[in-house]
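Asker: This is start-v6.cif (mmCIF, N, CA and C atoms).
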data_coords
#
loop_
_atom_site.group_PDB
_atom_site.id
_atom_site.type_symbol
_atom_site.label_atom_id
_atom_site.label_comp_id
_atom_site.auth_asym_id
_atom_site.auth_seq_id
_atom_site.Cartn_x
_atom_site.Cartn_y
_atom_site.Cartn_z
ATOM 1 N N MET D 15 -57.387 -31.583 -54.796
ATOM 2 C CA MET D 15 -58.088 -30.433 -54.230
ATOM 3 C C MET D 15 -59.230 -30.065 -55.176
ATOM 4 N N ALA D 16 -60.386 -29.891 -54.662
ATOM 5 C CA ALA D 16 -61.544 -29.565 -55.474
ATOM 6 C C ALA D 16 -61.591 -28.074 -55.749
ATOM 7 N N ILE D 17 -62.250 -27.729 -56.843
ATOM 8 C CA ILE D 17 -62.358 -26.321 -57.219
ATOM 9 C C ILE D 17 -63.109 -25.535 -56.153
ATOM 10 N N SER D 18 -63.998 -26.202 -55.424
ATOM 11 C CA SER D 18 -64.698 -25.488 -54.358
ATOM 12 C C SER D 18 -63.724 -25.052 -53.278
ATOM 13 N N GLY D 19 -62.537 -25.658 -53.249
ATOM 14 C CA GLY D 19 -61.516 -25.273 -52.295
ATOM 15 C C GLY D 19 -61.021 -23.854 -52.508
ATOM 16 N N ILE D 20 -61.144 -23.332 -53.729
ATOM 17 C CA ILE D 20 -60.705 -21.964 -53.952
ATOM 18 C C ILE D 20 -61.860 -20.988 -53.885
ATOM 19 N N GLY D 21 -63.014 -21.468 -53.473
ATOM 20 C CA GLY D 21 -64.119 -20.568 -53.225
ATOM 21 C C GLY D 21 -64.985 -20.291 -54.429
ATOM 22 N N ALA D 22 -64.820 -21.018 -55.529
ATOM 23 C CA ALA D 22 -65.616 -20.749 -56.716
ATOM 24 C C ALA D 22 -67.088 -20.990 -56.459
ATOM 25 N N ALA D 23 -67.388 -22.032 -55.708
ATOM 26 C CA ALA D 23 -68.781 -22.343 -55.434
ATOM 27 C C ALA D 23 -69.399 -21.356 -54.448
ATOM 28 N N GLN D 24 -68.566 -20.632 -53.727
ATOM 29 C CA GLN D 24 -69.068 -19.670 -52.756
ATOM 30 C C GLN D 24 -68.975 -18.241 -53.267
ATOM 31 N N GLY D 25 -68.970 -18.031 -54.565
ATOM 32 C CA GLY D 25 -68.982 -16.675 -55.096
ATOM 33 C C GLY D 25 -67.639 -16.227 -55.620
ATOM 34 N N GLY D 26 -66.811 -17.131 -56.064
ATOM 35 C CA GLY D 26 -65.521 -16.769 -56.642
ATOM 36 C C GLY D 26 -64.485 -16.512 -55.584
ATOM 37 N N LEU D 27 -63.328 -16.688 -55.725
ATOM 38 C CA LEU D 27 -62.128 -16.495 -54.940
ATOM 39 C C LEU D 27 -62.291 -15.897 -53.553
ATOM 40 N N GLY D 28 -63.479 -15.758 -53.038
ATOM 41 C CA GLY D 28 -63.666 -15.240 -51.696
ATOM 42 C C GLY D 28 -63.371 -13.765 -51.578
ATOM 43 N N LEU D 29 -63.419 -13.032 -52.673
ATOM 44 C CA LEU D 29 -63.042 -11.627 -52.649
ATOM 45 C C LEU D 29 -64.070 -10.760 -51.937
ATOM 46 N N ASN D 30 -65.340 -11.188 -51.918
ATOM 47 C CA ASN D 30 -66.368 -10.378 -51.285
ATOM 48 C C ASN D 30 -66.118 -10.203 -49.796
ATOM 49 N N SER D 31 -65.514 -11.202 -49.136
ATOM 50 C CA SER D 31 -65.282 -11.105 -47.705
ATOM 51 C C SER D 31 -64.201 -10.085 -47.369
ATOM 52 N N ALA D 32 -63.367 -9.721 -48.335
ATOM 53 C CA ALA D 32 -62.278 -8.795 -48.064
ATOM 54 C C ALA D 32 -62.643 -7.349 -48.371
ATOM 55 N N LEU D 33 -63.776 -7.127 -48.989
ATOM 56 C CA LEU D 33 -64.157 -5.776 -49.351
ATOM 57 C C LEU D 33 -64.715 -5.051 -48.142
ATOM 58 N N PRO D 34 -64.349 -3.786 -47.942
ATOM 59 C CA PRO D 34 -64.875 -3.047 -46.806
ATOM 60 C C PRO D 34 -66.357 -2.747 -46.997
ATOM 61 N N SER D 35 -67.057 -2.655 -45.900
ATOM 62 C CA SER D 35 -68.469 -2.316 -45.965
ATOM 63 C C SER D 35 -68.615 -0.816 -46.188
ATOM 64 N N ALA D 36 -69.843 -0.375 -46.364
ATOM 65 C CA ALA D 36 -70.086 1.049 -46.615
ATOM 66 C C ALA D 36 -69.639 1.898 -45.429
ATOM 67 N N GLY D 37 -69.599 1.309 -44.237
ATOM 68 C CA GLY D 37 -69.231 2.056 -43.056
ATOM 69 C C GLY D 37 -67.738 2.171 -42.838
ATOM 70 N N GLY D 38 -66.924 1.441 -43.581
ATOM 71 C CA GLY D 38 -65.479 1.519 -43.403
ATOM 72 C C GLY D 38 -64.836 0.160 -43.547
ATOM 73 N N LYS D 39 -63.682 0.010 -42.910
ATOM 74 C CA LYS D 39 -62.896 -1.214 -43.032
ATOM 75 C C LYS D 39 -63.534 -2.359 -42.249
ATOM 76 N N THR D 40 -63.245 -3.567 -42.718
ATOM 77 C CA THR D 40 -63.674 -4.748 -41.991
ATOM 78 C C THR D 40 -62.529 -5.204 -41.105
ATOM 79 N N GLY D 41 -62.810 -6.096 -40.203
ATOM 80 C CA GLY D 41 -61.769 -6.630 -39.344
ATOM 81 C C GLY D 41 -61.071 -7.816 -39.980
ATOM 82 N N GLY D 42 -61.498 -8.226 -41.170
ATOM 83 C CA GLY D 42 -60.956 -9.405 -41.838
ATOM 84 C C GLY D 42 -59.674 -9.117 -42.587
ATOM 85 N N PRO D 43 -59.254 -10.091 -43.382
ATOM 86 C CA PRO D 43 -58.005 -9.941 -44.144
ATOM 87 C C PRO D 43 -58.138 -8.850 -45.205
ATOM 88 N N SER D 44 -57.010 -8.294 -45.595
ATOM 89 C CA SER D 44 -57.023 -7.250 -46.613
ATOM 90 C C SER D 44 -57.281 -7.867 -47.987
ATOM 91 N N PHE D 45 -57.594 -7.034 -48.931
ATOM 92 C CA PHE D 45 -57.826 -7.505 -50.293
ATOM 93 C C PHE D 45 -56.563 -8.153 -50.848
ATOM 94 N N GLY D 46 -55.411 -7.558 -50.578
ATOM 95 C CA GLY D 46 -54.143 -8.114 -51.052
ATOM 96 C C GLY D 46 -53.880 -9.501 -50.488
ATOM 97 N N ASP D 47 -54.174 -9.681 -49.196
ATOM 98 C CA ASP D 47 -53.994 -10.991 -48.582
ATOM 99 C C ASP D 47 -54.926 -12.023 -49.198
ATOM 100 N N THR D 48 -56.151 -11.625 -49.454
ATOM 101 C CA THR D 48 -57.115 -12.529 -50.069
ATOM 102 C C THR D 48 -56.673 -12.917 -51.460
ATOM 103 N N LEU D 49 -56.154 -11.959 -52.210
ATOM 104 C CA LEU D 49 -55.680 -12.247 -53.560
ATOM 105 C C LEU D 49 -54.475 -13.179 -53.528
ATOM 106 N N LYS D 50 -53.561 -12.959 -52.586
ATOM 107 C CA LYS D 50 -52.404 -13.851 -52.444
ATOM 108 C C LYS D 50 -52.850 -15.266 -52.105
ATOM 109 N N ASP D 51 -53.824 -15.387 -51.214
ATOM 110 C CA ASP D 51 -54.353 -16.708 -50.859
ATOM 111 C C ASP D 51 -54.964 -17.394 -52.072
ATOM 112 N N ALA D 52 -55.706 -16.634 -52.869
ATOM 113 C CA ALA D 52 -56.326 -17.206 -54.070
ATOM 114 C C ALA D 52 -55.261 -17.673 -55.061
ATOM 115 N N LEU D 53 -54.206 -16.878 -55.221
ATOM 116 C CA LEU D 53 -53.106 -17.281 -56.104
ATOM 117 C C LEU D 53 -52.460 -18.572 -55.616
ATOM 118 N N GLY D 54 -52.253 -18.666 -54.322
ATOM 119 C CA GLY D 54 -51.668 -19.864 -53.744
ATOM 120 C C GLY D 54 -52.552 -21.087 -53.942
ATOM 121 N N GLU D 55 -53.859 -20.899 -53.793
ATOM 122 C CA GLU D 55 -54.784 -22.009 -53.964
ATOM 123 C C GLU D 55 -54.846 -22.469 -55.413
ATOM 124 N N VAL D 56 -54.796 -21.539 -56.352
ATOM 125 C CA VAL D 56 -54.776 -21.915 -57.773
ATOM 126 C C VAL D 56 -53.494 -22.688 -58.070
ATOM 127 N N SER D 57 -52.401 -22.247 -57.517
ATOM 128 C CA SER D 57 -51.135 -22.948 -57.701
ATOM 129 C C SER D 57 -51.204 -24.356 -57.121
ATOM 130 N N ASP D 58 -51.829 -24.494 -55.955
ATOM 131 C CA ASP D 58 -51.977 -25.810 -55.335
ATOM 132 C C ASP D 58 -52.825 -26.741 -56.196
ATOM 133 N N VAL D 59 -53.898 -26.212 -56.785
ATOM 134 C CA VAL D 59 -54.760 -27.016 -57.647
ATOM 135 C C VAL D 59 -53.976 -27.478 -58.867
ATOM 136 N N GLN D 60 -53.175 -26.598 -59.442
ATOM 137 C CA GLN D 60 -52.369 -26.969 -60.601
ATOM 138 C C GLN D 60 -51.308 -28.002 -60.241
ATOM 139 N N ASP D 61 -50.678 -27.837 -59.086
ATOM 140 C CA ASP D 61 -49.675 -28.811 -58.636
ATOM 141 C C ASP D 61 -50.309 -30.177 -58.421
ATOM 142 N N SER D 62 -51.495 -30.176 -57.826
ATOM 143 C CA SER D 62 -52.204 -31.427 -57.592
ATOM 144 C C SER D 62 -52.539 -32.125 -58.911
ATOM 145 N N ALA D 63 -52.974 -31.355 -59.891
ATOM 146 C CA ALA D 63 -53.290 -31.925 -61.205
ATOM 147 C C ALA D 63 -52.031 -32.505 -61.851
ATOM 148 N N GLU D 64 -50.914 -31.803 -61.720
ATOM 149 C CA GLU D 64 -49.657 -32.307 -62.278
ATOM 150 C C GLU D 64 -49.257 -33.628 -61.628
ATOM 151 N N GLU D 65 -49.448 -33.721 -60.313
ATOM 152 C CA GLU D 65 -49.114 -34.952 -59.596
ATOM 153 C C GLU D 65 -49.990 -36.114 -60.057
ATOM 154 N N ILE D 66 -51.269 -35.855 -60.264
ATOM 155 C CA ILE D 66 -52.181 -36.909 -60.707
ATOM 156 C C ILE D 66 -51.829 -37.364 -62.114
ATOM 157 N N VAL D 67 -51.515 -36.431 -62.998
ATOM 158 C CA VAL D 67 -51.117 -36.789 -64.358
ATOM 159 C C VAL D 67 -49.826 -37.609 -64.332
ATOM 160 N N ALA D 68 -48.858 -37.182 -63.520
ATOM 161 C CA ALA D 68 -47.601 -37.920 -63.426
ATOM 162 C C ALA D 68 -47.832 -39.334 -62.895
ATOM 163 N N ALA D 69 -48.703 -39.468 -61.902
ATOM 164 C CA ALA D 69 -49.008 -40.790 -61.349
ATOM 165 C C ALA D 69 -49.669 -41.673 -62.406
ATOM 166 N N TYR D 70 -50.551 -41.100 -63.185
ATOM 167 C CA TYR D 70 -51.214 -41.864 -64.256
ATOM 168 C C TYR D 70 -50.189 -42.330 -65.279
ATOM 169 N N LEU D 71 -49.270 -41.450 -65.652
ATOM 170 C CA LEU D 71 -48.255 -41.798 -66.645
ATOM 171 C C LEU D 71 -47.271 -42.855 -66.123
ATOM 172 N N ARG D 72 -47.031 -42.876 -64.817
ATOM 173 C CA ARG D 72 -46.172 -43.896 -64.226
ATOM 174 C C ARG D 72 -46.873 -45.248 -64.145
ATOM 175 N N GLY D 73 -48.193 -45.253 -64.295
ATOM 176 C CA GLY D 73 -48.949 -46.495 -64.211
ATOM 177 C C GLY D 73 -49.486 -46.776 -62.827
ATOM 178 N N ASP D 74 -49.491 -45.775 -61.965
ATOM 179 C CA ASP D 74 -50.054 -45.947 -60.622
ATOM 180 C C ASP D 74 -51.563 -46.161 -60.709
ATOM 181 N N GLN D 75 -52.175 -46.453 -59.576
ATOM 182 C CA GLN D 75 -53.617 -46.705 -59.524
ATOM 183 C C GLN D 75 -54.387 -45.381 -59.605
ATOM 184 N N VAL D 76 -54.414 -44.805 -60.773
ATOM 185 C CA VAL D 76 -55.154 -43.569 -61.014
ATOM 186 C C VAL D 76 -56.031 -43.800 -62.234
ATOM 187 N N GLU D 77 -57.308 -43.530 -62.073
ATOM 188 C CA GLU D 77 -58.260 -43.702 -63.166
ATOM 189 C C GLU D 77 -58.194 -42.502 -64.117
ATOM 190 N N LEU D 78 -58.518 -42.739 -65.368
ATOM 191 C CA LEU D 78 -58.489 -41.681 -66.372
ATOM 192 C C LEU D 78 -59.447 -40.545 -66.018
ATOM 193 N N HIS D 79 -60.615 -40.876 -65.468
ATOM 194 C CA HIS D 79 -61.568 -39.814 -65.119
ATOM 195 C C HIS D 79 -61.017 -38.912 -64.021
ATOM 196 N N GLN D 80 -60.167 -39.455 -63.129
ATOM 197 C CA GLN D 80 -59.545 -38.615 -62.111
ATOM 198 C C GLN D 80 -58.561 -37.635 -62.742
ATOM 199 N N VAL D 81 -57.834 -38.107 -63.747
ATOM 200 C CA VAL D 81 -56.886 -37.249 -64.460
ATOM 201 C C VAL D 81 -57.639 -36.130 -65.169
ATOM 202 N N MET D 82 -58.700 -36.499 -65.857
ATOM 203 C CA MET D 82 -59.486 -35.508 -66.603
ATOM 204 C C MET D 82 -60.109 -34.480 -65.652
ATOM 205 N N ALA D 83 -60.656 -34.950 -64.536
ATOM 206 C CA ALA D 83 -61.283 -34.032 -63.580
ATOM 207 C C ALA D 83 -60.248 -33.077 -62.977
ATOM 208 N N ALA D 84 -59.090 -33.604 -62.623
ATOM 209 C CA ALA D 84 -58.056 -32.761 -62.012
ATOM 210 C C ALA D 84 -57.548 -31.708 -62.990
ATOM 211 N N THR D 85 -57.332 -32.093 -64.244
ATOM 212 C CA THR D 85 -56.840 -31.120 -65.221
ATOM 213 C C THR D 85 -57.915 -30.087 -65.546
ATOM 214 N N GLU D 86 -59.168 -30.505 -65.567
ATOM 215 C CA GLU D 86 -60.256 -29.547 -65.824
ATOM 216 C C GLU D 86 -60.389 -28.561 -64.668
ATOM 217 N N GLU D 87 -60.275 -29.051 -63.437
ATOM 218 C CA GLU D 87 -60.328 -28.158 -62.270
ATOM 219 C C GLU D 87 -59.203 -27.126 -62.323
ATOM 220 N N ALA D 88 -58.013 -27.579 -62.680
ATOM 221 C CA ALA D 88 -56.874 -26.661 -62.772
ATOM 222 C C ALA D 88 -57.102 -25.621 -63.862
ATOM 223 N N GLY D 89 -57.661 -26.050 -64.985
ATOM 224 C CA GLY D 89 -57.948 -25.119 -66.078
ATOM 225 C C GLY D 89 -58.992 -24.083 -65.691
ATOM 226 N N ILE D 90 -60.040 -24.537 -65.024
ATOM 227 C CA ILE D 90 -61.110 -23.620 -64.602
ATOM 228 C C ILE D 90 -60.576 -22.634 -63.561
ATOM 229 N N ALA D 91 -59.763 -23.118 -62.636
ATOM 230 C CA ALA D 91 -59.179 -22.231 -61.618
ATOM 231 C C ALA D 91 -58.324 -21.151 -62.268
ATOM 232 N N LEU D 92 -57.540 -21.541 -63.265
ATOM 233 C CA LEU D 92 -56.692 -20.568 -63.956
ATOM 234 C C LEU D 92 -57.533 -19.564 -64.739
ATOM 235 N N GLU D 93 -58.568 -20.045 -65.417
ATOM 236 C CA GLU D 93 -59.457 -19.132 -66.154
ATOM 237 C C GLU D 93 -60.115 -18.130 -65.214
ATOM 238 N N LEU D 94 -60.548 -18.601 -64.056
ATOM 239 C CA LEU D 94 -61.166 -17.703 -63.072
ATOM 240 C C LEU D 94 -60.179 -16.645 -62.612
ATOM 241 N N LEU D 95 -58.952 -17.069 -62.342
ATOM 242 C CA LEU D 95 -57.921 -16.132 -61.909
ATOM 243 C C LEU D 95 -57.621 -15.093 -62.984
ATOM 244 N N VAL D 96 -57.563 -15.510 -64.231
ATOM 245 C CA VAL D 96 -57.311 -14.582 -65.337
ATOM 246 C C VAL D 96 -58.463 -13.580 -65.459
ATOM 247 N N GLU D 97 -59.691 -14.050 -65.298
ATOM 248 C CA GLU D 97 -60.832 -13.135 -65.383
ATOM 249 C C GLU D 97 -60.826 -12.117 -64.239
ATOM 250 N N VAL D 98 -60.454 -12.557 -63.059
ATOM 251 C CA VAL D 98 -60.352 -11.621 -61.931
ATOM 252 C C VAL D 98 -59.280 -10.590 -62.221
ATOM 253 N N ARG D 99 -58.141 -11.042 -62.740
ATOM 254 C CA ARG D 99 -57.068 -10.103 -63.109
ATOM 255 C C ARG D 99 -57.560 -9.096 -64.148
ATOM 256 N N ASN D 100 -58.290 -9.579 -65.158
ATOM 257 C CA ASN D 100 -58.803 -8.684 -66.193
ATOM 258 C C ASN D 100 -59.757 -7.644 -65.613
ATOM 259 N N LYS D 101 -60.615 -8.068 -64.702
ATOM 260 C CA LYS D 101 -61.560 -7.128 -64.087
ATOM 261 C C LYS D 101 -60.828 -6.110 -63.215
ATOM 262 N N LEU D 102 -59.812 -6.557 -62.494
ATOM 263 C CA LEU D 102 -59.038 -5.614 -61.677
ATOM 264 C C LEU D 102 -58.309 -4.606 -62.551
ATOM 265 N N THR D 103 -57.746 -5.068 -63.669
ATOM 266 C CA THR D 103 -57.060 -4.165 -64.596
ATOM 267 C C THR D 103 -58.037 -3.158 -65.184
ATOM 268 N N GLU D 104 -59.212 -3.637 -65.548
ATOM 269 C CA GLU D 104 -60.241 -2.758 -66.109
ATOM 270 C C GLU D 104 -60.675 -1.708 -65.079
ATOM 271 N N ALA D 105 -60.853 -2.132 -63.830
ATOM 272 C CA ALA D 105 -61.244 -1.192 -62.774
ATOM 273 C C ALA D 105 -60.149 -0.159 -62.532
ATOM 274 N N TYR D 106 -58.901 -0.596 -62.529
ATOM 275 C CA TYR D 106 -57.774 0.322 -62.340
ATOM 276 C C TYR D 106 -57.754 1.364 -63.447
ATOM 277 N N ARG D 107 -57.911 0.909 -64.674
ATOM 278 C CA ARG D 107 -57.909 1.856 -65.807
ATOM 279 C C ARG D 107 -59.064 2.839 -65.717
ATOM 280 N N SER D 108 -60.217 2.382 -65.250
ATOM 281 C CA SER D 108 -61.364 3.287 -65.088
ATOM 282 C C SER D 108 -61.060 4.359 -64.058
ATOM 283 N N VAL D 109 -60.438 3.982 -62.960
ATOM 284 C CA VAL D 109 -60.094 4.945 -61.914
ATOM 285 C C VAL D 109 -59.080 5.954 -62.445
ATOM 286 N N ILE D 110 -58.088 5.472 -63.162
ATOM 287 C CA ILE D 110 -57.068 6.362 -63.727
ATOM 288 C C ILE D 110 -57.709 7.339 -64.731
ATOM 289 N N ASN D 111 -58.632 6.853 -65.541
ATOM 290 C CA ASN D 111 -59.306 7.719 -66.513
ATOM 291 C C ASN D 111 -60.163 8.773 -65.818
ATOM 292 N N MET D 112 -60.718 8.444 -64.646
ATOM 293 C CA MET D 112 -61.535 9.416 -63.901
ATOM 294 C C MET D 112 -60.664 10.552 -63.366
ATOM 295 N N GLN D 113 -59.396 10.258 -63.076
ATOM 296 C CA GLN D 113 -58.519 11.255 -62.494
ATOM 297 C C GLN D 113 -57.980 12.241 -63.546
ATOM 298 N N SER D 114 -58.004 11.837 -64.829
ATOM 299 C CA SER D 114 -57.454 12.751 -65.828
ATOM 300 C C SER D 114 -58.477 13.664 -66.441
#
Translate this structure into structure tokens?

Answerer:
Amino acid sequence: MAISGIGAAQGGLGLNSALPSAGGKTGGPSFGDTLKDALGEVSDVQDSAEEIVAAYLRGDQVELHQVMAATEEAGIALELLVEVRNKLTEAYRSVINMQS
């Protein structure tokens, strides 16, 4: 699975499509659903990388560059997910600080 599969090339995890417009709610999926989908896709990318590494170690017809690309994609997907989590945590803390 390519990293573009998780929406990185289209502006990160596809979160912009789940945000409501200035006029109110959108008819699309909720933010929570979008986040769950992104988590699932990152997990799929990591599983795929694990399968490719295992196939390489078994001696199957897998080239080293495929192993390297798959592990790098999984690493980048995880880093992106961690950064999104950090930004969400930061936003939550800002909102909480505004209320006190």

Asker: Counting all atoms listed in the file, which residue out of D:Val109, D:Glu104, D:Ala68, D:Leu95 sits closest to Leu53 of chain D?

Answerer: D:Leu95

Asker: So what do you get for atom N of Met112 of chain D versus atom N of Lys50 of chain D, distance-wise?

Answerer: 25.6 Å

Asker: To one decimal place in Å, what is the distance between atom CA of Leu78 of chain D and atom CA of Asp58 of chain D?

Answerer: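 Taking atom CA of Leu78 of chain D as the start and atom CA of Asp58 of chain D as the end point, the length is 20.4 Å.
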
Asker: Provide the atom N of Leu49 of chain D to atom C of Glu64 of chain D distance in Å, to one decimal place.

Answerer: 24.6 Å

Asker: Neighbouring residues of Val59 of chain D were defined as those with any atom within 6.5 Å, considering only N, CA and C atoms; residues of the same chain fewer than 3 positions away were excluded. Please report them as a ChimeraX atom specification.

Answerer: /D:15,54-56,62-64,87-88
